[in-house]
Structure formats: structure tokens, C-alpha cells
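Undergrad: Input file: upload-v2.cif. Contents: mmCIF, C-alpha atoms.
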```cif
data_model
loop_
_atom_site.label_atom_id
_atom_site.label_comp_id
_atom_site.auth_asym_id
_atom_site.auth_seq_id
_atom_site.Cartn_x
_atom_site.Cartn_y
_atom_site.Cartn_z
CA MET S 993 183.44 98.92 -75.36
CA THR S 994 179.95 100.44 -75.51
CA ARG S 995 177.12 99.19 -73.34
CA ARG S 996 173.52 99.20 -74.43
CA LEU S 997 170.22 100.06 -72.79
CA ARG S 998 166.91 98.88 -74.25
CA ILE S 999 163.38 100.12 -73.83
CA SER S 1000 160.28 98.71 -75.49
CA PHE S 1001 156.93 100.27 -76.43
CA GLU S 1002 154.06 97.94 -77.34
CA ARG S 1003 151.44 100.62 -78.01
CA PRO S 1004 151.83 103.74 -80.21
CA GLU S 1005 150.06 105.95 -77.68
CA ASP S 1006 152.58 104.95 -75.00
CA PHE S 1007 155.45 105.93 -77.24
CA ARG S 1008 153.82 109.23 -78.21
CA ALA S 1009 153.34 110.17 -74.57
CA GLU S 1010 156.96 109.41 -73.76
CA PHE S 1011 158.19 111.24 -76.85
CA ASP S 1012 156.26 114.40 -76.00
CA ARG S 1013 157.27 114.26 -72.35
CA ASN S 1014 161.01 113.50 -72.61
CA ILE S 1015 162.43 112.35 -75.96
CA ALA S 1016 161.43 115.58 -77.72
CA GLN S 1017 163.38 117.43 -75.01
CA GLY S 1018 166.48 115.39 -75.79
CA GLY S 1019 166.35 112.90 -72.94
CA LEU S 1020 164.82 109.69 -71.60
CA PHE S 1021 164.61 107.82 -68.29
CA ILE S 1022 165.16 104.06 -68.46
CA ALA S 1023 164.15 102.06 -65.44
CA GLY S 1024 166.45 99.45 -63.95
CA GLY S 1025 169.72 100.34 -65.67
CA ALA S 1026 172.03 99.37 -62.81
CA GLY S 1027 175.83 99.58 -62.89
CA PHE S 1028 176.12 102.51 -65.28
CA GLU S 1029 178.33 105.52 -64.60
CA LEU S 1030 177.61 109.24 -64.83
CA ARG S 1031 178.82 110.65 -68.19
CA GLU S 1032 179.15 107.16 -69.67
CA VAL S 1033 178.25 107.06 -73.38
CA VAL S 1034 175.85 104.24 -74.22
CA GLU S 1035 173.69 103.00 -77.05
CA VAL S 1036 169.93 103.19 -76.42
CA GLU S 1037 167.81 100.74 -78.40
CA ILE S 1038 164.20 101.91 -78.65
CA ALA S 1039 162.01 98.99 -79.69
CA LEU S 1040 158.79 100.12 -81.39
CA GLU S 1041 156.99 96.80 -81.03
CA PHE S 1042 153.72 98.20 -82.42
CA MET S 1043 155.37 98.66 -85.82
CA GLY S 1044 158.05 95.96 -85.65
CA GLU S 1045 161.00 98.36 -85.81
CA ARG S 1046 163.95 99.37 -83.66
CA ARG S 1047 166.02 102.53 -83.44
CA THR S 1048 169.49 102.72 -81.90
CA LEU S 1049 170.73 106.11 -80.69
CA GLU S 1050 173.88 107.18 -78.89
CA ALA S 1051 173.35 108.91 -75.57
CA GLU S 1052 175.16 110.04 -72.45
CA ILE S 1053 174.22 109.06 -68.89
CA VAL S 1054 173.30 112.33 -67.13
CA HIS S 1055 171.73 110.96 -63.94
CA VAL S 1056 171.94 107.69 -62.05
CA SER S 1057 169.20 106.84 -59.56
CA GLU S 1058 170.34 103.77 -57.63
CA GLY S 1059 167.71 101.06 -57.70
CA ALA S 1060 165.45 103.05 -60.04
CA GLY S 1061 167.25 103.61 -63.33
CA VAL S 1062 169.22 106.12 -65.38
CA ALA S 1063 168.46 109.30 -67.29
CA VAL S 1064 170.17 109.72 -70.64
CA GLU S 1065 170.73 112.69 -72.91
CA PHE S 1066 170.78 111.87 -76.63
CA LEU S 1067 173.77 113.06 -78.65
CA ARG S 1068 171.50 114.14 -81.52
CA PRO S 1069 169.50 117.40 -81.58
CA ALA S 1070 165.74 117.40 -81.03
CA GLY S 1071 165.00 118.14 -84.69
CA GLU S 1072 166.79 115.00 -85.81
CA LEU S 1073 165.03 112.94 -83.14
CA ARG S 1074 161.64 114.09 -84.40
CA ALA S 1075 162.61 113.21 -87.98
CA GLU S 1076 163.91 109.82 -86.83
CA PHE S 1077 160.58 108.95 -85.25
CA ALA S 1078 158.27 110.71 -87.74
CA ALA S 1079 156.67 107.44 -88.94
CA ALA S 1080 156.11 106.20 -85.39
CA LEU S 1081 154.51 109.49 -84.35
CA ALA S 1082 152.13 109.70 -87.30
CA GLY S 1083 148.55 109.19 -86.21
CA THR S 1084 149.31 108.35 -82.56
CA GLY S 1085 147.49 109.71 -79.54
CA ALA S 1086 149.08 111.69 -76.74
CA GLU S 1087 147.12 111.01 -73.54
CA PRO S 1088 148.17 107.65 -72.06
CA ARG S 1089 151.21 107.54 -69.86
CA ALA S 1090 154.28 105.75 -71.24
CA ARG S 1091 155.23 102.37 -69.80
CA ALA S 1092 158.41 100.40 -70.19
CA ARG S 1093 157.64 96.71 -70.64
CA SER S 1094 161.24 95.70 -70.31
CA ALA S 1095 164.78 97.02 -70.28
CA GLU S 1096 168.00 95.33 -71.08
CA ALA S 1097 171.66 96.26 -70.67
CA ALA S 1098 174.30 94.82 -72.94
CA THR S 1099 177.97 95.12 -73.72
CA ALA S 1100 179.37 95.51 -77.21
CA ALA S 1101 182.33 93.11 -77.38
CA ASP S 1102 185.10 93.72 -79.87
CA GLY S 1103 184.65 91.66 -83.01
CA GLY S 1104 181.20 90.41 -82.00
CA ASP S 1105 177.56 91.29 -81.84
CA LEU S 1106 175.90 92.84 -78.83
CA GLU S 1107 175.31 90.11 -76.30
CA PRO S 1108 172.69 90.28 -73.52
CA ARG S 1109 174.29 91.17 -70.22
CA ARG S 1110 171.31 90.88 -67.92
CA GLU S 1111 167.53 90.88 -68.14
CA LEU S 1112 166.04 93.51 -65.89
CA GLY S 1113 162.44 92.35 -66.21
CA LEU S 1114 160.82 95.60 -65.10
CA GLU S 1115 157.28 96.95 -65.26
CA SER S 1116 157.61 100.63 -64.42
CA SER S 1117 156.41 104.06 -65.40
CA LEU S 1118 158.83 106.44 -67.08
CA ALA S 1119 156.73 109.47 -66.29
CA ALA S 1120 157.90 110.13 -62.74
CA PRO S 1121 161.65 110.95 -63.06
CA GLU S 1122 161.45 114.36 -64.77
CA ALA S 1123 164.10 116.19 -62.74
CA PRO S 1124 167.16 114.89 -64.65
CA VAL S 1125 165.68 116.01 -67.97
CA ARG S 1126 164.80 119.43 -66.57
CA ARG S 1127 168.28 119.82 -65.14
CA GLN S 1128 169.95 119.07 -68.48
CA GLU S 1129 167.68 121.64 -70.19
CA GLU S 1130 168.56 124.26 -67.58
CA ARG S 1131 172.25 123.48 -68.00
CA ARG S 1132 172.17 123.93 -71.76
CA ARG S 1133 171.32 127.55 -72.41
CA SER S 1134 170.76 127.06 -76.14
CA PRO S 1135 170.24 123.84 -78.09
CA ARG S 1136 173.29 122.43 -79.82
CA ALA S 1137 172.95 121.28 -83.41
CA ARG S 1138 174.79 118.32 -84.89
CA VAL S 1139 177.58 120.02 -86.84
CA ARG S 1140 180.90 118.83 -88.27
CA LEU S 1141 183.54 121.57 -88.47
CA PRO S 1142 187.33 121.30 -88.20
CA ALA S 1143 188.38 122.87 -84.90
CA LEU S 1144 191.61 123.98 -83.29
CA LEU S 1145 191.80 124.28 -79.50
CA ASP S 1146 194.57 126.43 -78.06
CA GLY S 1147 195.16 126.14 -74.34
CA ALA S 1148 198.43 128.10 -74.19
CA SER S 1149 200.44 125.04 -73.12
CA ALA S 1150 198.78 122.69 -75.62
CA ARG S 1151 197.20 122.94 -79.09
CA VAL S 1152 194.73 120.24 -80.08
CA GLU S 1153 193.11 119.50 -83.43
CA GLY S 1154 189.61 118.15 -83.58
CA VAL S 1155 186.20 118.15 -85.26
CA THR S 1156 183.01 119.48 -83.70
CA ARG S 1157 180.23 116.98 -82.94
CA ASP S 1158 177.71 119.64 -82.02
CA LEU S 1159 177.71 123.41 -81.80
CA SER S 1160 175.59 126.25 -80.41
CA GLU S 1161 176.06 129.89 -79.50
CA THR S 1162 177.02 128.85 -75.96
CA GLY S 1163 179.30 125.87 -76.47
CA ALA S 1164 180.56 122.93 -78.49
CA LEU S 1165 181.40 119.25 -78.15
CA ILE S 1166 184.60 118.44 -80.02
CA SER S 1167 186.12 115.10 -80.97
CA ALA S 1168 189.70 115.54 -79.78
CA ASP S 1169 192.23 114.07 -77.39
CA ALA S 1170 192.13 116.93 -74.89
CA SER S 1171 193.95 115.07 -72.10
CA GLU S 1172 196.23 118.09 -71.65
CA LEU S 1173 193.29 120.50 -71.39
CA PRO S 1174 191.62 119.66 -68.04
CA PRO S 1175 188.13 120.84 -67.04
CA GLY S 1176 188.27 124.50 -66.03
CA LYS S 1177 191.09 125.27 -68.45
CA THR S 1178 190.72 128.51 -70.42
CA VAL S 1179 190.99 127.88 -74.16
CA ARG S 1180 190.63 129.59 -77.52
CA LEU S 1181 188.60 127.71 -80.13
CA ARG S 1182 189.29 128.44 -83.79
CA LEU S 1183 186.59 127.59 -86.35
CA ARG S 1184 185.87 128.65 -89.93
CA ASN S 1185 182.57 129.81 -91.36
CA PRO S 1186 181.82 127.01 -93.89
CA GLU S 1187 180.13 129.46 -96.27
CA THR S 1188 182.64 132.33 -96.28
CA GLY S 1189 185.81 130.59 -95.08
CA ASP S 1190 186.36 133.38 -92.55
CA PRO S 1191 188.05 132.30 -89.30
CA VAL S 1192 186.17 132.77 -86.03
CA GLU S 1193 187.94 132.55 -82.66
CA VAL S 1194 185.97 132.08 -79.46
CA SER S 1195 187.16 132.08 -75.86
CA GLY S 1196 185.82 129.56 -73.40
CA ARG S 1197 186.48 127.02 -70.69
CA VAL S 1198 186.67 123.26 -70.82
CA SER S 1199 183.55 122.07 -69.02
CA ARG S 1200 184.01 118.29 -69.19
CA HIS S 1201 185.76 115.38 -70.86
CA MET S 1202 184.07 112.49 -72.63
CA ALA S 1203 186.42 109.70 -71.62
CA THR S 1204 187.31 106.42 -73.24
CA ALA S 1205 189.69 103.81 -71.85
CA GLY S 1206 192.98 105.53 -71.10
CA THR S 1207 192.36 108.81 -72.91
CA VAL S 1208 189.84 111.53 -73.81
CA ALA S 1209 187.60 111.01 -76.83
CA ALA S 1210 185.85 114.38 -76.82
CA VAL S 1211 185.85 117.64 -74.93
CA SER S 1212 183.01 120.03 -74.16
CA VAL S 1213 183.75 123.76 -74.21
CA GLU S 1214 181.44 126.42 -72.77
CA PHE S 1215 181.92 129.75 -74.55
CA GLU S 1216 182.61 133.09 -72.90
CA VAL S 1217 181.56 135.47 -75.66
CA PRO S 1218 181.57 139.28 -75.36
CA ALA S 1219 178.40 140.98 -76.61
CA VAL S 1220 180.21 142.52 -79.58
CA GLN S 1221 181.15 139.04 -80.91
CA LYS S 1222 177.75 137.37 -80.49
CA PRO S 1223 176.41 138.32 -83.97
CA GLU S 1224 179.52 136.83 -85.63
CA LEU S 1225 179.18 133.62 -83.63
CA ALA S 1226 175.45 133.40 -84.34
CA ALA S 1227 176.14 133.75 -88.07
CA LEU S 1228 178.73 130.96 -87.88
CA VAL S 1229 176.33 128.62 -86.06
CA ARG S 1230 173.53 129.29 -88.57
CA ALA S 1231 175.83 128.73 -91.54
CA ALA S 1232 177.26 125.54 -90.01
CA GLU S 1233 173.78 124.14 -89.32
CA GLN S 1234 172.60 124.87 -92.86
CA VAL S 1235 175.69 123.35 -94.45
CA HIS S 1236 175.48 120.25 -92.27
CA GLN S 1237 171.78 119.74 -93.02
CA GLN S 1238 172.37 120.11 -96.74
CA ARG S 1239 175.29 117.70 -96.72
CA ALA S 1240 173.38 115.19 -94.60
CA ALA S 1241 170.44 115.33 -97.02
CA GLU S 1242 172.73 114.69 -99.99
CA GLY S 1243 174.91 112.09 -98.23
CA ILE S 1244 174.43 108.67 -96.71
CA SER S 1245 174.54 107.28 -93.19
CA GLY S 1246 174.13 103.92 -91.50
CA ARG S 1247 175.62 101.32 -89.19
CA ILE S 1248 179.18 100.06 -89.46
CA GLU S 1249 177.89 96.52 -88.90
CA GLU S 1250 176.12 96.57 -92.28
CA LEU S 1251 179.32 96.50 -94.36
CA GLY S 1252 182.32 96.61 -92.03
CA MET S 1253 184.86 99.43 -92.07
CA PRO S 1254 187.27 97.99 -94.72
CA SER S 1255 184.47 97.52 -97.28
CA LEU S 1256 182.87 100.84 -96.37
CA ILE S 1257 186.07 102.82 -96.88
CA GLN S 1258 186.90 101.05 -100.13
CA MET S 1259 183.41 101.53 -101.54
CA LEU S 1260 183.16 105.22 -100.69
CA GLY S 1261 186.73 106.00 -101.72
CA ARG S 1262 186.24 104.42 -105.14
CA SER S 1263 182.73 105.68 -105.88
CA SER S 1264 183.09 109.35 -104.94
CA PRO S 1265 185.59 111.84 -106.45
CA LYS S 1266 185.85 113.39 -102.99
CA GLY S 1267 184.13 113.21 -99.64
CA THR S 1268 184.36 112.96 -95.86
CA LEU S 1269 183.53 109.87 -93.81
CA SER S 1270 182.82 110.34 -90.09
CA ALA S 1271 182.64 107.09 -88.13
CA THR S 1272 181.73 106.69 -84.46
CA SER S 1273 182.32 103.66 -82.27
CA GLY S 1274 181.51 104.01 -78.61
CA THR S 1275 182.80 107.40 -77.47
CA GLU S 1276 185.39 107.67 -80.23
CA GLU S 1277 184.98 109.35 -83.58
CA GLY S 1278 187.29 109.08 -86.59
CA VAL S 1279 187.26 111.30 -89.69
CA LEU S 1280 188.59 110.30 -93.12
CA ALA S 1281 188.69 112.56 -96.19
CA PHE S 1282 189.05 111.24 -99.76
CA GLU S 1283 189.94 113.19 -102.87
CA GLY S 1284 191.00 112.02 -106.33
CA GLY S 1285 191.76 108.46 -105.23
CA ASN S 1286 193.85 109.74 -102.32
CA LEU S 1287 193.35 109.58 -98.59
CA ARG S 1288 193.71 113.29 -97.97
CA TYR S 1289 193.67 112.96 -94.20
CA VAL S 1290 192.53 110.64 -91.41
CA ARG S 1291 192.18 111.60 -87.76
CA LEU S 1292 191.33 109.60 -84.64
CA GLY S 1293 191.98 111.49 -81.42
CA ALA S 1294 195.70 112.20 -81.25
CA THR S 1295 196.56 109.76 -84.05
CA ARG S 1296 196.59 110.36 -87.76
CA GLY S 1297 197.59 108.74 -91.04
CA ILE S 1298 198.10 104.98 -91.34
CA LYS S 1299 198.15 104.54 -87.57
CA ALA S 1300 194.68 106.07 -87.21
CA LEU S 1301 193.39 104.17 -90.25
CA THR S 1302 194.61 100.86 -88.80
CA ARG S 1303 192.61 101.41 -85.62
CA ILE S 1304 189.45 102.51 -87.41
CA LEU S 1305 189.54 99.42 -89.64
CA GLN S 1306 189.12 97.27 -86.52
CA TRP S 1307 185.79 98.83 -85.53
CA SER S 1308 183.02 96.26 -85.82
CA SER S 1309 180.09 98.36 -84.55
CA GLY S 1310 178.98 101.95 -84.52
CA SER S 1311 177.58 104.48 -86.98
CA PHE S 1312 178.85 106.45 -89.96
CA GLU S 1313 178.00 109.51 -92.07
CA PHE S 1314 179.38 110.36 -95.51
CA HIS S 1315 179.02 113.44 -97.69
CA ALA S 1316 180.72 114.51 -100.92
CA HIS S 1317 182.66 117.49 -99.53
CA VAL S 1318 186.07 117.96 -97.90
CA ASP S 1319 186.85 120.65 -95.32
CA ALA S 1320 190.49 121.76 -95.19
CA LEU S 1321 192.27 121.30 -91.85
CA GLU S 1322 194.62 123.83 -90.29
CA VAL S 1323 197.46 121.32 -90.73
CA GLU S 1324 197.29 118.38 -93.12
CA ASP S 1325 199.81 115.62 -93.75
CA GLU S 1326 200.87 114.57 -97.22
CA ALA S 1327 198.03 112.76 -98.98
CA LEU S 1328 198.33 108.97 -99.40
CA ARG S 1329 197.05 106.78 -102.21
CA LEU S 1330 193.91 105.23 -100.75
CA GLU S 1331 194.51 101.68 -101.98
CA ALA S 1332 198.12 101.72 -100.80
CA ALA S 1333 197.09 103.09 -97.41
CA LEU S 1334 194.47 100.36 -96.96
CA LEU S 1335 196.95 97.65 -97.95
CA GLU S 1336 199.53 98.95 -95.48
CA ALA S 1337 196.99 99.20 -92.68
CA MET S 1338 195.77 95.64 -93.33
CA ARG S 1339 199.38 94.44 -93.40
CA ARG S 1340 199.94 95.96 -89.98
CA LEU S 1341 196.84 94.28 -88.63
CA ASP S 1342 197.95 90.91 -90.00
CA GLU S 1343 201.43 91.39 -88.54
CA SER S 1344 200.00 92.32 -85.15
CA ALA S 1345 197.74 89.25 -85.18
CA SER S 1346 200.64 86.98 -86.11
CA LYS S 1347 202.69 88.20 -83.12
CA GLY S 1348 199.92 87.11 -80.79
CA ILE S 1349 200.46 89.97 -78.35
CA ALA S 1350 197.78 89.94 -75.66
CA PRO S 1351 195.93 93.27 -75.45
CA LEU S 1352 197.03 95.51 -72.59
CA ASP S 1353 194.76 97.49 -70.29
CA SER S 1354 194.35 100.80 -72.15
CA ALA S 1355 193.92 102.70 -68.89
CA GLY S 1356 196.91 101.03 -67.23
CA ARG S 1357 199.87 103.02 -65.90
CA PHE S 1358 203.35 101.92 -64.83
CA GLN S 1359 206.07 102.51 -62.30
CA VAL S 1360 209.59 102.42 -63.73
CA ASP S 1361 212.04 100.29 -61.73
CA ARG S 1362 215.28 102.24 -62.16
CA SER S 1363 217.49 99.53 -60.69
CA VAL S 1364 216.23 96.97 -63.22
CA LEU S 1365 216.46 99.55 -66.01
CA ALA S 1366 220.13 100.15 -65.19
CA SER S 1367 220.87 96.43 -65.44
CA VAL S 1368 219.23 95.68 -68.83
CA GLY S 1369 221.68 97.74 -70.88
CA ALA S 1370 220.86 99.75 -73.98
CA LEU S 1371 217.23 100.02 -75.01
CA ALA S 1372 215.83 100.21 -78.50
CA LYS S 1373 214.52 103.60 -79.63
CA VAL S 1374 210.87 102.64 -79.16
CA GLU S 1375 211.58 101.20 -75.69
CA GLU S 1376 213.34 104.43 -74.64
CA ALA S 1377 210.29 106.44 -75.71
CA VAL S 1378 207.97 104.07 -73.83
CA VAL S 1379 210.03 104.36 -70.62
CA ASP S 1380 210.05 108.18 -70.83
CA LEU S 1381 206.29 108.34 -71.29
CA ALA S 1382 205.61 105.76 -68.58
CA THR S 1383 207.78 107.82 -66.23
CA ALA S 1384 205.60 110.85 -67.05
CA GLY S 1385 202.54 108.85 -65.95
CA LEU S 1386 200.88 108.32 -69.33
CA THR S 1387 198.41 105.48 -69.76
CA VAL S 1388 198.95 102.61 -72.18
CA ARG S 1389 196.53 104.20 -74.64
CA ARG S 1390 198.30 107.55 -74.56
CA ILE S 1391 201.69 105.88 -74.94
CA LEU S 1392 200.34 104.14 -78.05
CA ASP S 1393 199.03 107.49 -79.29
CA VAL S 1394 202.20 109.48 -78.72
CA VAL S 1395 204.90 107.07 -79.97
CA PRO S 1396 204.85 107.38 -83.80
CA GLU S 1397 205.62 103.72 -84.56
CA ASP S 1398 202.67 101.43 -85.27
CA ASP S 1399 200.68 99.99 -82.38
CA ALA S 1400 202.12 96.48 -82.79
CA GLN S 1401 205.69 97.73 -82.32
CA VAL S 1402 204.79 99.88 -79.33
CA SER S 1403 202.77 97.07 -77.74
CA ALA S 1404 205.70 94.66 -78.24
CA ALA S 1405 208.02 97.15 -76.53
CA LEU S 1406 205.62 97.51 -73.61
CA VAL S 1407 205.32 93.75 -73.18
CA ALA S 1408 209.11 93.29 -73.34
CA LEU S 1409 209.71 95.96 -70.70
CA ILE S 1410 207.03 94.46 -68.45
CA GLU S 1411 208.54 90.97 -68.79
CA GLN S 1412 211.99 92.33 -67.92
CA GLY S 1413 210.60 94.05 -64.83
CA VAL S 1414 211.44 97.55 -66.05
CA LEU S 1415 207.77 98.49 -66.04
CA ARG S 1416 205.55 97.47 -63.16
CA PRO S 1417 201.80 98.02 -63.43
CA VAL S 1418 200.40 100.50 -60.93
CA ARG S 1419 197.37 99.03 -59.22
#
```
Please express the file's structure as C-alpha cells.
TA:
Amino acid sequence: MTRRLRISFERPEDFRAEFDRNIAQGGLFIAGGAGFELREVVEVEIALEFMGERRTLEAEIVHVSEGAGVAVEFLRPAGELRAEFAAALAGTGAEPRARARSAEAATAADGGDLEPRRELGLESSLAAPEAPVRRQEERRRSPRARVRLPALLDGASARVEGVTRDLSETGALISADASELPPGKTVRLRLRNPETGDPVEVSGRVSRHMATAGTVAAVSVEFEVPAVQKPELAALVRAAEQVHQQRAAEGISGRIEELGMPSLIQMLGRSSPKGTLSATSGTEEGVLAFEGGNLRYVRLGATRGIKALTRILQWSSGSFEFHAHVDALEVEDEALRLEAALLEAMRRLDESASKGIAPLDSAGRFQVDRSVLASVGALAKVEEAVVDLATAGLTVRRILDVVPEDDAQVSAALVALIEQGVLRPVR
């Protein structure tokens, strides 16, 4: 569930001043945004009232000033931000200080439009709180570019597949369930130069997790690169940026709300001989690759195949990008016929809806009552797996991710074990 912040500019000169001061540096301060958490990913709606347009950008909360507002860092590089606002910047002045006429926080509810959560009704200057923006610039030693590359994280005790969201010579943000790679963990990141295909391995440390309910949606890695490897890494970053820019220019992007995920996947899968669709909803990002009428692969965190596709089909809001290229993964499952995969995923959704299972708290954990467990007799295979994972302390979301059966079956097993008293929610 993604919350939204809103800021409005009535005059072009106000927007230009704020753009030059903060937005161009990758950040923004929004007055009055109470109740938000540090590192929370939000949607920021920038209302350009002077031209009757609105822009919605994903951002991360990087500073919370109680009673004053929040500072956000946009998840898109500065170059893309300037291109996004090129029309608004044309012909505007730069002297007057920016003012926020109003701000609004909202929550994106599943299956529905964004609904107003509270009116903040503020008249405040955005010029004063510069420190959070300066701190984020100091923290990031080189700007990260929006880049999509298959990635493999090796943390000795755990290997995790993912896709980069952004990349620089000092670090990367990677869409991956890195729950088993905690902050501070030393890792090896394996990437491939998209132009030459040559593998590049970089050492680093996990610097932070981008969390979603019950699991990790993305992981940030800060590189530790010896001087002798820096030219190779720099060449990889340059090549990846160029390839991404070219693909973005030739591809399409937009909002999931415009068509809905089922129609979007069908349309792109039928109209393009091959291609890759990246879809983002809240903090989560899914990647689907099509080729020759087949679903070559689909990834969403730790899930893949039909299970991942079923979840992505339920997204009602977010953004997407599509380009007519497919990058090979280190490990790929057997390709599925696209139409058959969609039919099976929709069947699972219908079956889940017909069972009427109430959604469980994704971040919930359980205590296993061994005395009750001993009295219920033999468990089904799925129930045994659920009990083992609950004993290990996994959340509901991670249990759903790890057990290979579809979410409806795993949810039914969880509910049955709770009703029997085998599982007791930990409060």
C-alpha cells in the first residue's frame, strides 16, 4: 500500500525556483507530511496548476521533521527529472522563492483509486529545509542512473537473483528479496556488460533494505572497488546507461491504471515478437520477458513463474516500462506459453476469490503450539511446510514466497492451522 504526498505550484516562477534549488538535485521538501516513516517509499504528486498538469513520481522519505514536513529523494536520476519537467521549465523565471499552496497525503488502497487521507492546509516556504537534500548528496558519492540489468547477489550463505533499479560506480539499488542478506553483510554482485556480454563481479556491503510488508522489496549495495577494477566498472556503468537510454527512447512507459495489468500484458505479449516489461507498484517491482509468444520468465522478489504472474496481475496502480529486448538471466525456468500462463493465473485468482479467504497480515509471525500440533494428527504436505517456516520465524509474506504451491493453497493452510490453534499470532 503506497501513500501519496502532494504539492502544488500556482506560478511558473515558483516552480522554477524550487526546481533549481532542490528538484534538480534529486530531492524535495514537502511541508506538513505527518505520520510518514524514514525510508518509506511514497508517490509524490506535483501539481503544475499554472499549466493544468500533474506529474507523479516515486520517491523515498530521507528525513522526517516532526511538525514541519518530510524530505524525499526521487527514485529517478536528475537527467530524467529535467526531461520530465522540460515543458514546465521553458520560459520561466528563477528569482522568486517557491511556495507550497497545499499538501495532501493519501493512501493507495488495493483495487481502488487514491483516496484523500487528510487535508494539511498549509501555507509554507519550501526554501528553508536544505539540510536533508545536502545530506543525501553527500551520502551519494556519484549519481546513480536508472538502469535495468539482471543481477546476482552472493552472500556466501545465500544467493539472490534480482534486477538493478539504478547503478553507479559506487553502488546499486537492486529489486530482490534480500531478507537473508542483512545490512552490513559483505556480498559479491555479478552483472554483465550489456554491450559485450562480459561478466563483471563487484564486492560490496549491503547498506540498507527497501522494505515492503513482511519482506524486502529491494536492497542497496555500496561497492568496495579496488583501484585496478575501477575502469572496468566505469565501462560497465557507461554501457548500461547508454543501453537503457536507447531502450527507453524506443520503448513505451506509463501508468498501470491506464489499462490494468491483464490487458497490458496481453497487448504487449501479442504485439511484440520479444520484449521486457518492468512494472512497479509501491516498493515492489516485477519483471516479465516475452519471446515468440512465450513468457520466457517472470520475477517478483523471491517468486517466479505463474505464482509471480498471479500476484502482478492484481496490481491496480503503479508504473511500467516496456522495451523490445530480452536480457538472459543466470538461471531461467522453462518458458511458458503466454496465453496459457495468463489463463492459469486468472484461474488461480478466481479460485482464491471463490474460497473467500480473508487476507492475512503480511508482516505477521506465529508461535507454534507443540501440544496442539501433537494432538491434530498428520498434516498435509503444505501444512507441514508452513509449520516448519513459522517455527523458523518467517513472516506470512515470506511463507507465501517460499512454499511453492499457489498463494490460495498456502493461505488456506495458514488459516486452517490458526483455527486449530497450531499457529498463534505473535503480537
Undergrad: Using CA of Glu1276 (chain S) and CA of Glu1375 (chain S) as the two end points, give the distance in Å to one decimal.
TA: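 Atom-to-atom, CA of Glu1276 (chain S) and CA of Glu1375 (chain S) are spaced 27.4 Å apart.
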Undergrad: Just so the selection is clear, what residues does the PyMOL selection byres ((chain S and resi 1401) around 12) cover here, as a ChimeraX atom specification?
TA: /S:1299,1340-1341,1343-1345,1347,1349,1372-1375,1377-1378,1391-1392,1395-1400,1402-1408
Undergrad: Provide the CA of Glu1326 (chain S) to CA of Pro1142 (chain S) distance in Å, to one decimal place.
TA: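 Atom-to-atom, CA of Glu1326 (chain S) to CA of Pro1142 (chain S), that is 17.6 Å.
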Undergrad: Which one is closest to Gly1176 (chain S): S:Val1290, S:Val1220, S:Val1194, S:Val1211? Count all atoms listed in the file.
TA: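 Closest residue, counting all atoms listed in the file: S:Val1211.
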Undergrad: Name the residues within 9 Å of (191.8, 115.0, -97.3), counting all atoms listed in the file in the file's coordinates, and put them as a list in words.
TA: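 Those residues lying close to the given coordinates are Lys1266, Gly1267, Thr1268, Leu1280, Ala1281, Phe1282, Glu1283, Asn1286, Leu1287, Arg1288, Tyr1289, Val1290, Val1318, Asp1319, Ala1320, Leu1321, Glu1324, Asp1325 and Ala1327 of chain S.
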Undergrad: What gap, in Å, lies between CA of Met1338 (chain S) and CA of Glu1411 (chain S)?
TA: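 Distance reported for this atom pair: 28.1 Å.
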Undergrad: Just so the selection is clear, what residues does the PyMOL selection byres ((chain S and resi 1032) around 6) cover here, as an MDAnalysis selection string?
TA: chainID S and resid 1029:1031 1033 1052:1053
Undergrad: Which residue out of S:Leu1292, S:Leu997, S:Ala1366, S:Val1064 has the minimum interatomic distance to Glu1035 (chain S) when only C-alpha atoms are used?
TA: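 With only C-alpha atoms as the atom set, the closest residue is S:Leu997.
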Undergrad: Between S:Ala1300, S:Gly1189, S:His1201, S:Val1152, which residue has the minimum interatomic distance to Pro1175 (chain S), considering only C-alpha atoms?
TA: S:His1201
Undergrad: I'd like the neighbourhood of region 1067-1072 of chain S as a count of residues only, where a residue qualifies if any of its atoms comes within 9 Å (using all atoms listed in the file), though same-chain residues fewer than 2 positions away should be ignored.
TA: 19
Undergrad: Starting from the PyMOL selection byres ((chain S and resi 1226) around 12), expand the selection into actual residues of this file and give them as a ChimeraX atom specification.
TA: /S:1134,1159-1163,1185,1192,1194,1217,1219-1225,1227-1233
Undergrad: Need to verify the contact set: Glu1242 (chain S), 10 Å, all atoms listed in the file, exclusion of same-chain residues closer than 2 positions in sequence. Can you return it as JSON, numbers by chain?
TA: {"S": [1236, 1237, 1238, 1239, 1240, 1244, 1314, 1315, 1316]}
Undergrad: Hey, which of S:Ala1205, S:Met1259, S:Leu1371, S:Leu1334 ends up closest to Arg1357 (chain S)? Count only C-alpha atoms.
TA: S:Ala1205
Undergrad: What's around Gly1147 (chain S) at 9 Å? Count only C-alpha atoms, leave out sequence neighbours fewer than 2 positions away in its own chain, and write the answer as a short mmCIF file (atom, residue, chain, number, x, y, z; two decimals) with C-alpha atoms, keeping the file's coordinate frame.
TA:
```cif
data_model
loop_
_atom_site.label_atom_id
_atom_site.label_comp_id
_atom_site.auth_asym_id
_atom_site.auth_seq_id
_atom_site.Cartn_x
_atom_site.Cartn_y
_atom_site.Cartn_z
CA LEU S 1145 191.80 124.28 -79.50
CA SER S 1149 200.44 125.04 -73.12
CA ALA S 1150 198.78 122.69 -75.62
CA ARG S 1151 197.20 122.94 -79.09
CA VAL S 1152 194.73 120.24 -80.08
CA GLU S 1172 196.23 118.09 -71.65
CA LEU S 1173 193.29 120.50 -71.39
CA LYS S 1177 191.09 125.27 -68.45
CA THR S 1178 190.72 128.51 -70.42
CA VAL S 1179 190.99 127.88 -74.16
CA ARG S 1180 190.63 129.59 -77.52
CA LEU S 1181 188.60 127.71 -80.13
#
```
Undergrad: Which residue gives the smallest distance to Ala1333 (chain S) among S:Gly1356, S:Pro1265, S:Gly1285, S:Pro1191, with all atoms listed in the file counted?
TA: S:Gly1285
